[in-house]
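Undergrad: I'd like to ask you about the structure that follows.
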Amino acid sequence: MKLLNALITVLFCVFIFSLSIHAQEKDTYNPREVFDPNFLSSPGTIYRSGSGAPGPAYWKNEADYNIEAALDTASKTISGTVEITYTNNSPDKLTYLWLQLDQNIFKKDSRGTLTTPVGGDRYGGRSFTDGYELHSVQIVQGEKTSDADYLVTDTRMQIVLPQPMNPKGSKLQIIIKYSYTVPEFGADRTGYLPTKNGTIYEIAQWYPRMEVYDDIIGWNTLPYLGAGEFYLDYGNFDYKITVPSNMIVVGSGKLQNPAEVLTKEEMKRLDEASKSDSTIYIIRPDEVNTKETRPVNSGMLTWHFKMENSRDVSWACSQAFIWDAARVNLPSGRTALAMSVYPAEVKADSAWGRSTEYVKSTLETNSKMWYEYPYPVAVNVAGVVNGMEYPGIVFCGWKATKGRLWNVTTHEFGHTWFPMIVGSDEREYAWMDEGFNTFINIYSSLAFNKGEYRPFLINSPRIAPFLTMHITEPILTYPDVLPNRELGLDAYFKPAYGLYMLRNFILTPKRFDFAFRTYIERWAYKHPTPKDFFRTMNDASGEDLNWFWKEWFYKDWTLDQAVKDVKYIDNDPAKGALITIENKHRMVMPAVVEIKESNHKSGVVKLPVEIWQRGGDWTFKYNSTSMIDSVVIDPDHTFPDADPANNTWTSGAQKK
């Protein structure tokens with residue numbers, strides 16, 4: 001998901017108005033409310049420990065896919081067969097299964113359509129299809145194959161099994177023959193784009209997929225409404241895509257049959273790119289849609305890909321692609337291949353000509369800082385989708401240029417870590433992928449080309465207070481109930497800024513990075529909940545951060561720190577000053593206080609958050625040697641203070 005630029009614009013447009021509203025509001029600070037000993041106090045289980053790590057009996061089910069599909073470009077229809085091998089690793093006997101039928105959201109009477117505002121939105125259908133047509137659904141258990149007893153409800157399908165699946169390792173196969181019409185604008189996640197050299201197809205949610213059965217709520221069957229994304233099990237994928245022979249196909253995973261679908265020259269160039277830190281053309285701009293780029297010049301070709309230990313696969317195809325690639329250098333010494341495909345209209349270096357450079361830098365930075373990129377290939381596709389992520393491949397808006405293209409590229413590939421590696425439930429907790437990803441985008445942007453595209457979230461005193469205004473819902477809000485603007489704030493910006501504060505001003509980078517990497521390593525290819533994240537960060541950082549998790553993620557509280565009073569000991573500045581600061585609203589943060597004296601001396605006092613455990617006022621002694629000219633709390637505008645006007649005390653103002 002994603003273009004951040006539009007959300008940034010909206011954020012600033014409403015900032016001044018929201019400040020005036022908020023100035024009229026008053027919260028009462030209660031230390032027992034924020035420093036709550038009962039918060040996150042439930043004991044761990046054998047599945048999820050109190051430390052936030054997976055427990056000794058943690059399990060997750062598996063879904064392996066074998067898919068064969070073909071694209072009919074005349075009717076814009078995909079027809080295919082998917083064979084799902086499902087493994088029940090749970091301790092429960094399963095008498096029925098649930099699958100996701102995402103294409104059904106594009107039907108005129110779908111829940112997603114009927115819950116779209118009259119004016120439309122990004123995730124609503126701009127055109128309609130008939131969704132999935134299921135030609136046959138079969139179940140294979142042991143040596144017996146039978147027609148499935150199934151019921152389709154909107155974007156979900158329930159299959160009642162002829163025989164229950166036994167716990168702890170039993171398997172069965174589901175075989176579905178299906179077809180659907182590709183929507184032109186598929187909720188900004190899939191679709192097709194006509195260009196001067198041919199149509200670009202970006203194909204996602206293109207096969208029936210298993211719902212997740214987990215130890216938290218059993219079957220996760222929330223309907224697909226558009227804004228809430230996906231929750232998927234891991235498995236291995238073997239898929240074949242048949243398209244007209246003049247098309248190039250790129251997809252998740254590794255191409256298995258290059259000699260059948262590429263020319264010798266293209267294979268030679270790919271090999272050269274795999275050894276090059278500079279971008280190499282596989283298909284040059286002057287070669288687009290020419291016979292020389294195809295091993296055969298008529299009929300159909302089948303492209304065969306494999307992807308291991310993944311939650312999903314997607315692909316794109318066109319005869320209009322320029323194709324380039326470069327090597328990605330990973331910390332272990334392993335390499336991957338960064339690739340981009342885009343039409344000739346956007347080939348300039350100010351546009352998609354630098355895409356592969358952006359992909360390469362993002363993967364190398366995130367791999368070094370957090371966790372190594374796991375896939376053999378990373379493909380950036382220019383098309384109708386403005387920004388959407390899938391394992392090993394992302395779709396970005398074809399008109400994006402310069403910093404806008406950098407931002408959407410580093411954001412979509414940042415999703416490799418959240419939720420592709422750390423498999424959180426996007427349908428329910430959008431912030432666990434969007435917010436975490438927006439946070440790591442700060443550092444991938446700082447690292448790229450000496451900060452060519454500086455991230456806007458850093459040192460932004462205008463943005464920080466807005467993130468705690470009461471016009472927003474708490475971060476822990478179901479994403480489909482939020483308007484797009486508030487989804488951007490609650491799922492992207494507020495969690496990202498919270499982590500930025502936590503790293504740089506509460507824990508320190510070294511402590512935070514160790515804890516954050518611990519979370520990724522513990523939950524790689526597993527399904528964490530918010531509490532698993534909070535508990536892991538507490539455990540690995542050695543800090544009780546429950547006050548922070550409660551106020552920042554669960555509540556819509558605001559922060560208002562103030563300088564209340566300055567007095568001198570025995571009325572003598574040379575003996576020191578007693579400075580009183582105040583926490584006026586319900587949120588707390590550590591206090592940073594800057595003091596300037598009339599003799600030009602200055603100092604900074606840093607106070608821990610625990611000063612607020614006993615009440616809303618705190619007095620500390622400052623060893624002044626002369627009259628104090630000014631006292632400023634939060635001088636660098638680090639924290640989201642709702643009323644900066646009361647952050648400063650000056651001697652002149654007191655005299656007046």
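Ligands are numbered from 1 in the order shown, chains are lettered A, B, ... in the order of the structure tokens, and residues start at 1 in each chain.
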If you take only C-alpha atoms and a cut-off of 7 Å, which residues of region 386-460 of chain A touch region 226-239 of chain A, and what are their nearest atom pairs and distances in Å to one decimal, in chain and number order, as a tab-separated table?

TA:
residue	atom	partner	partner_atom	distance
A:Ser424	CA	A:Tyr231	CA	6.9
A:Asp425	CA	A:Tyr231	CA	4.7
A:Glu426	CA	A:Phe230	CA	5.1
A:Arg427	CA	A:Gly228	CA	4.3
A:Glu428	CA	A:Gly228	CA	6.7
A:Ala430	CA	A:Gly228	CA	6.7

Undergrad: Pull all heavy atoms from the residues just selected and write them as a short mmCIF file (atom, residue, chain, number, x, y, z; two decimals), in the first residue's frame.

TA:
data_model
loop_
_atom_site.label_atom_id
_atom_site.label_comp_id
_atom_site.auth_asym_id
_atom_site.auth_seq_id
_atom_site.Cartn_x
_atom_site.Cartn_y
_atom_site.Cartn_z
N SER A 424 2.72 -10.96 10.32
CA SER A 424 1.63 -10.44 11.15
C SER A 424 0.31 -10.45 10.37
O SER A 424 0.28 -10.64 9.16
CB SER A 424 1.95 -9.02 11.62
OG SER A 424 2.22 -8.18 10.52
N ASP A 425 -0.77 -10.20 11.10
CA ASP A 425 -2.11 -10.19 10.52
C ASP A 425 -2.43 -8.77 10.05
O ASP A 425 -2.86 -7.93 10.82
CB ASP A 425 -3.12 -10.65 11.58
CG ASP A 425 -4.55 -10.68 11.06
OD1 ASP A 425 -4.78 -10.29 9.90
OD2 ASP A 425 -5.45 -11.09 11.82
N GLU A 426 -2.24 -8.51 8.76
CA GLU A 426 -2.51 -7.18 8.20
C GLU A 426 -4.00 -6.85 8.20
O GLU A 426 -4.37 -5.68 8.24
CB GLU A 426 -2.02 -7.10 6.76
CG GLU A 426 -0.56 -7.35 6.55
CD GLU A 426 -0.24 -7.39 5.07
OE1 GLU A 426 -0.41 -8.45 4.45
OE2 GLU A 426 0.16 -6.34 4.53
N ARG A 427 -4.83 -7.85 8.10
CA ARG A 427 -6.26 -7.61 8.04
C ARG A 427 -6.75 -6.94 9.32
O ARG A 427 -7.64 -6.12 9.31
CB ARG A 427 -6.99 -8.94 7.80
CG ARG A 427 -8.47 -8.87 7.53
CD ARG A 427 -8.78 -8.31 6.15
NE ARG A 427 -8.13 -8.99 5.06
CZ ARG A 427 -8.61 -10.06 4.41
NH1 ARG A 427 -9.75 -10.60 4.79
NH2 ARG A 427 -7.96 -10.59 3.38
N GLU A 428 -6.13 -7.30 10.45
CA GLU A 428 -6.57 -6.77 11.74
C GLU A 428 -5.62 -5.72 12.31
O GLU A 428 -6.05 -4.77 12.96
CB GLU A 428 -6.73 -7.91 12.75
CG GLU A 428 -7.42 -7.50 14.02
CD GLU A 428 -8.08 -8.66 14.74
OE1 GLU A 428 -7.96 -9.81 14.26
OE2 GLU A 428 -8.72 -8.42 15.76
N ALA A 430 -3.05 -3.41 10.82
CA ALA A 430 -2.33 -2.81 9.70
C ALA A 430 -1.03 -2.15 10.15
O ALA A 430 -0.04 -2.13 9.41
CB ALA A 430 -3.22 -1.80 8.99
#

Undergrad: Considering only C-alpha atoms, return as a ChimeraX atom specification whatever protein or nucleic-acid residues lie within 8 Å of Glu582 (chain A), sequence-local ones (same chain, fewer than 3 positions apart) excluded.

TA: /A:561-564,616-618

Undergrad: Give me the residues within 7 Å of Ile241 (chain A) as a list in words, counting only C-alpha atoms and dropping any in the same chain fewer than 2 places off.

TA: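 Residues meeting the cut-off are Glu68, Ala69, Ala70, Tyr239, Val243, Thr302, Trp303 and His304 of chain A.
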
Undergrad: For Ser445 (chain A), list every protein, DNA or RNA residue within 10 Å, evaluated using only C-alpha atoms, and leave out those in the same chain fewer than 5 positions away; present the list as an mmCIF file with N, CA, C and O atoms, in the first residue's frame.

TA:
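To be explicit, this is the file written out as part.cif:
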data_model
loop_
_atom_site.group_PDB
_atom_site.id
_atom_site.type_symbol
_atom_site.label_atom_id
_atom_site.label_comp_id
_atom_site.auth_asym_id
_atom_site.auth_seq_id
_atom_site.Cartn_x
_atom_site.Cartn_y
_atom_site.Cartn_z
ATOM 1 N N TYR A 358 17.427 2.016 -6.763
ATOM 2 C CA TYR A 358 16.645 2.183 -5.543
ATOM 3 C C TYR A 358 16.389 0.837 -4.864
ATOM 4 O O TYR A 358 16.475 0.714 -3.639
ATOM 5 N N SER A 361 19.708 -0.560 -3.205
ATOM 6 C CA SER A 361 20.096 0.128 -1.974
ATOM 7 C C SER A 361 19.173 -0.238 -0.815
ATOM 8 O O SER A 361 19.637 -0.478 0.308
ATOM 9 N N THR A 362 17.872 -0.288 -1.072
ATOM 10 C CA THR A 362 16.914 -0.635 -0.020
ATOM 11 C C THR A 362 17.207 -2.006 0.564
ATOM 12 O O THR A 362 17.248 -2.187 1.795
ATOM 13 N N THR A 365 20.617 -2.062 2.586
ATOM 14 C CA THR A 365 20.541 -1.362 3.877
ATOM 15 C C THR A 365 19.727 -2.150 4.888
ATOM 16 O O THR A 365 20.160 -2.368 6.030
ATOM 17 N N GLY A 403 12.023 11.645 -6.025
ATOM 18 C CA GLY A 403 11.807 11.255 -4.640
ATOM 19 C C GLY A 403 10.535 10.472 -4.428
ATOM 20 O O GLY A 403 10.462 9.616 -3.544
ATOM 21 N N TRP A 406 11.419 6.982 -5.322
ATOM 22 C CA TRP A 406 12.240 6.416 -4.246
ATOM 23 C C TRP A 406 11.372 6.014 -3.061
ATOM 24 O O TRP A 406 11.491 4.912 -2.535
ATOM 25 N N ASN A 407 10.492 6.915 -2.625
ATOM 26 C CA ASN A 407 9.687 6.655 -1.430
ATOM 27 C C ASN A 407 8.800 5.437 -1.596
ATOM 28 O O ASN A 407 8.708 4.597 -0.687
ATOM 29 N N THR A 410 11.188 2.140 -1.835
ATOM 30 C CA THR A 410 11.778 1.687 -0.569
ATOM 31 C C THR A 410 10.692 1.250 0.406
ATOM 32 O O THR A 410 10.908 0.344 1.221
ATOM 33 N N HIS A 411 9.494 1.868 0.297
ATOM 34 C CA HIS A 411 8.399 1.453 1.171
ATOM 35 C C HIS A 411 7.897 0.065 0.794
ATOM 36 O O HIS A 411 7.749 -0.809 1.665
ATOM 37 N N ILE A 440 11.328 1.727 9.274
ATOM 38 C CA ILE A 440 12.618 1.322 8.691
ATOM 39 C C ILE A 440 12.912 2.092 7.407
ATOM 40 O O ILE A 440 14.081 2.204 7.009
ATOM 41 N N LYS A 450 23.846 9.251 0.344
ATOM 42 C CA LYS A 450 24.147 10.312 1.307
ATOM 43 C C LYS A 450 22.919 11.155 1.644
ATOM 44 O O LYS A 450 22.990 12.371 1.812
ATOM 45 N N GLY A 451 21.776 10.476 1.743
ATOM 46 C CA GLY A 451 20.559 11.178 2.137
ATOM 47 C C GLY A 451 19.943 12.012 1.031
ATOM 48 O O GLY A 451 19.336 13.054 1.301
ATOM 49 N N GLU A 452 20.043 11.570 -0.212
ATOM 50 C CA GLU A 452 19.474 12.316 -1.337
ATOM 51 C C GLU A 452 17.987 12.611 -1.135
ATOM 52 O O GLU A 452 17.497 13.686 -1.485
ATOM 53 N N TYR A 453 17.270 11.630 -0.581
ATOM 54 C CA TYR A 453 15.844 11.819 -0.312
ATOM 55 C C TYR A 453 15.631 11.735 1.199
ATOM 56 O O TYR A 453 15.319 10.683 1.742
ATOM 57 N N ARG A 454 15.801 12.874 1.866
ATOM 58 C CA ARG A 454 15.751 12.895 3.328
ATOM 59 C C ARG A 454 14.346 12.557 3.822
ATOM 60 O O ARG A 454 13.363 13.151 3.376
ATOM 61 N N PRO A 455 14.213 11.632 4.773
ATOM 62 C CA PRO A 455 12.889 11.271 5.288
ATOM 63 C C PRO A 455 12.268 12.401 6.085
ATOM 64 O O PRO A 455 12.911 13.017 6.939
ATOM 65 N N PHE A 456 11.002 12.696 5.811
ATOM 66 C CA PHE A 456 10.361 13.855 6.420
ATOM 67 C C PHE A 456 10.043 13.650 7.902
ATOM 68 O O PHE A 456 9.830 14.620 8.633
#

Undergrad: Residues of region 334-483 of chain A classed as strand (DSSP E) by DSSP on the backbone are to be reported as a list in words.

TA: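 Taking region 334-483 of chain A and keeping strand (DSSP E) only, one gets Thr335, Ala336, Leu337, Ala338, Met339, Ser340, Val341, Tyr342, Val377, Ala378, Val379, Asn380, Val381, Ala382, Gly383, Gly387, Met388, Glu389, Tyr390, Ile393, Val394, Phe395, Cys396 and Gly397 of chain A.
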
Undergrad: Any idea what's packed within 12 Å of Pro117 (chain A), counting only C-alpha atoms, ignoring anything in its chain fewer than 5 positions away? Could you give it as an MDAnalysis selection string?

TA: chainID A and resid 112 122:126 481:484

Undergrad: When you draw a straight line from CA of Thr619 (chain A) to CA of Gly603 (chain A), how long is it in Å?

TA: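 So the two atoms, CA of Thr619 (chain A) and CA of Gly603 (chain A), lie 16.4 Å apart.
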
Undergrad: With only C-alpha atoms as the basis for distance, which of A:Tyr281, A:Tyr201, A:Tyr213, A:Tyr554 is at the shortest distance from Met247 (chain A)?

TA: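 Closest residue, counting only C-alpha atoms: A:Tyr201.
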
Undergrad: Name the residues in contact with Val359 (chain A) at a cut-off of 10 Å, using only C-alpha atoms, excluding same-chain residues fewer than 4 positions from it; report them as a CSV table (one decimal) with N, CA and C atoms, in the first residue's frame.

TA:
chain,number,residue,atom,x,y,z
A,325,ALA,N,18.6,-4.9,-14.6
A,325,ALA,CA,18.9,-5.6,-13.3
A,325,ALA,C,20.3,-5.3,-12.8
A,326,ALA,N,20.5,-5.6,-11.5
A,326,ALA,CA,21.9,-5.4,-10.9
A,326,ALA,C,22.0,-6.3,-9.7
A,328,VAL,N,22.6,-7.6,-5.9
A,328,VAL,CA,22.3,-7.2,-4.5
A,328,VAL,C,23.3,-7.9,-3.6
A,337,LEU,N,19.2,-10.7,-7.0
A,337,LEU,CA,19.2,-9.9,-8.2
A,337,LEU,C,18.0,-8.9,-8.1
A,338,ALA,N,18.4,-7.6,-8.2
A,338,ALA,CA,17.4,-6.5,-8.2
A,338,ALA,C,17.0,-6.3,-9.7
A,339,MET,N,15.7,-6.2,-10.0
A,339,MET,CA,15.3,-6.0,-11.3
A,339,MET,C,14.2,-5.0,-11.4
A,340,SER,N,14.0,-4.3,-12.6
A,340,SER,CA,12.9,-3.4,-12.8
A,340,SER,C,12.4,-3.6,-14.2
A,354,ARG,N,16.2,4.9,-12.7
A,354,ARG,CA,17.0,4.6,-11.5
A,354,ARG,C,16.3,3.6,-10.6
A,355,SER,N,15.2,3.0,-11.0
A,355,SER,CA,14.5,2.1,-10.1
A,355,SER,C,15.3,1.0,-9.6
A,363,LEU,N,17.4,-3.0,-0.3
A,363,LEU,CA,17.6,-4.4,0.2
A,363,LEU,C,19.0,-4.5,0.9
A,364,GLU,N,20.0,-3.8,0.5
A,364,GLU,CA,21.3,-3.9,1.1
A,364,GLU,C,21.3,-3.2,2.5
A,378,ALA,N,14.3,-9.6,-6.7
A,378,ALA,CA,13.5,-8.6,-6.2
A,378,ALA,C,13.1,-7.7,-7.4
A,379,VAL,N,11.8,-7.7,-7.8
A,379,VAL,CA,11.4,-7.1,-9.0
A,379,VAL,C,10.5,-5.9,-8.7
A,380,ASN,N,10.8,-4.7,-9.3
A,380,ASN,CA,9.9,-3.5,-9.3
A,380,ASN,C,9.2,-3.4,-10.6
A,406,TRP,N,11.4,7.0,-5.3
A,406,TRP,CA,12.2,6.4,-4.2
A,406,TRP,C,11.4,6.0,-3.1
A,409,THR,N,9.2,3.0,-3.7
A,409,THR,CA,10.0,1.8,-3.9
A,409,THR,C,10.6,1.3,-2.6
A,410,THR,N,11.2,2.1,-1.8
A,410,THR,CA,11.8,1.7,-0.6
A,410,THR,C,10.7,1.2,0.4
A,412,GLU,N,7.6,-0.2,-0.5
A,412,GLU,CA,7.1,-1.5,-0.9
A,412,GLU,C,8.1,-2.6,-0.6
A,413,PHE,N,9.3,-2.4,-0.9
A,413,PHE,CA,10.3,-3.4,-0.6
A,413,PHE,C,10.6,-3.5,0.9
A,414,GLY,N,10.4,-2.5,1.6
A,414,GLY,CA,10.5,-2.6,3.1
A,414,GLY,C,9.5,-3.6,3.6

Undergrad: Would you mind listing what lies within 10 Å of Val384 (chain A) as a list in words, with only C-alpha atoms counted and same-chain residues fewer than 4 positions away left out?

TA: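 My list of contacting residues is Glu184, Phe185, Gly186, Asp188, Arg189, Thr190, Gly191, Tyr192, Leu193, Pro194, Ile200, Tyr201, Glu202, Phe395, Cys396, Gly397, Trp398 and Lys399 of chain A.
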
Undergrad: May I have the residues from that selection written out with C-alpha atoms, as a PDB file, in the first residue's frame?

TA:
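Full text of result.pdb as output:
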ATOM      1  CA  GLU A 184      -8.714  -2.776 -14.712  1.00  0.00           C
ATOM      2  CA  PHE A 185      -8.372  -1.017 -11.344  1.00  0.00           C
ATOM      3  CA  GLY A 186      -8.178  -3.736  -8.713  1.00  0.00           C
ATOM      4  CA  ASP A 188      -4.822  -0.427  -6.169  1.00  0.00           C
ATOM      5  CA  ARG A 189      -3.414  -3.939  -5.782  1.00  0.00           C
ATOM      6  CA  THR A 190      -3.895  -5.549  -9.192  1.00  0.00           C
ATOM      7  CA  GLY A 191      -4.973  -4.432 -12.658  1.00  0.00           C
ATOM      8  CA  TYR A 192      -3.772  -3.532 -16.143  1.00  0.00           C
ATOM      9  CA  LEU A 193      -2.417  -0.455 -17.926  1.00  0.00           C
ATOM     10  CA  PRO A 194      -2.433   0.210 -21.692  1.00  0.00           C
ATOM     11  CA  ILE A 200       1.057  -4.074 -18.628  1.00  0.00           C
ATOM     12  CA  TYR A 201      -0.682  -6.651 -16.424  1.00  0.00           C
ATOM     13  CA  GLU A 202      -0.016  -6.693 -12.659  1.00  0.00           C
ATOM     14  CA  PHE A 395       3.977  -2.840  -8.029  1.00  0.00           C
ATOM     15  CA  CYS A 396       4.647   0.920  -8.099  1.00  0.00           C
ATOM     16  CA  GLY A 397       2.958   3.746  -9.967  1.00  0.00           C
ATOM     17  CA  TRP A 398       4.348   4.178 -13.465  1.00  0.00           C
ATOM     18  CA  LYS A 399       4.167   7.994 -13.269  1.00  0.00           C
TER      19      LYS A 399
END

Undergrad: Could you pull out all residues of region 462-536 of chain A with a DSSP call of helix (DSSP H, G or I) and give them as a ChimeraX atom specification?

TA: /A:463-466,479-481,484-507,509-523,530-536

Undergrad: For Met627 (chain A), which of A:Tyr373, A:Tyr568, A:Tyr519, A:Phe639 is the closest residue, counting only C-alpha atoms?

TA: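 Distance minimum relative to Met627 (chain A) lands on A:Tyr568.
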
Undergrad: Given only C-alpha atoms as the basis, pick out the residue of A:Gly142, A:Pro509, A:Thr477, A:Lys531 nearest to Ser42 (chain A).

TA: A:Lys531

Undergrad: Which is closer to Leu225 (chain A) than all the others in A:Tyr478, A:Phe448, A:Tyr150, A:Phe466, using only C-alpha atoms?

TA: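 Under the stated criterion, the closest residue is A:Tyr478.
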
Undergrad: Suppose you want the space between CA of Ile216 (chain A) and CA of Val160 (chain A); what is it in Å?

TA: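 One can read the CA of Ile216 (chain A) to CA of Val160 (chain A) distance as 21.8 Å.
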
Undergrad: Restricting the calculation to only C-alpha atoms: of A:Ala204, A:Tyr96, A:Asp641, A:Asp286, which residue gets closest to Trp219 (chain A)?

TA: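 Using only C-alpha atoms, Trp219 (chain A) sits closest to A:Tyr96.
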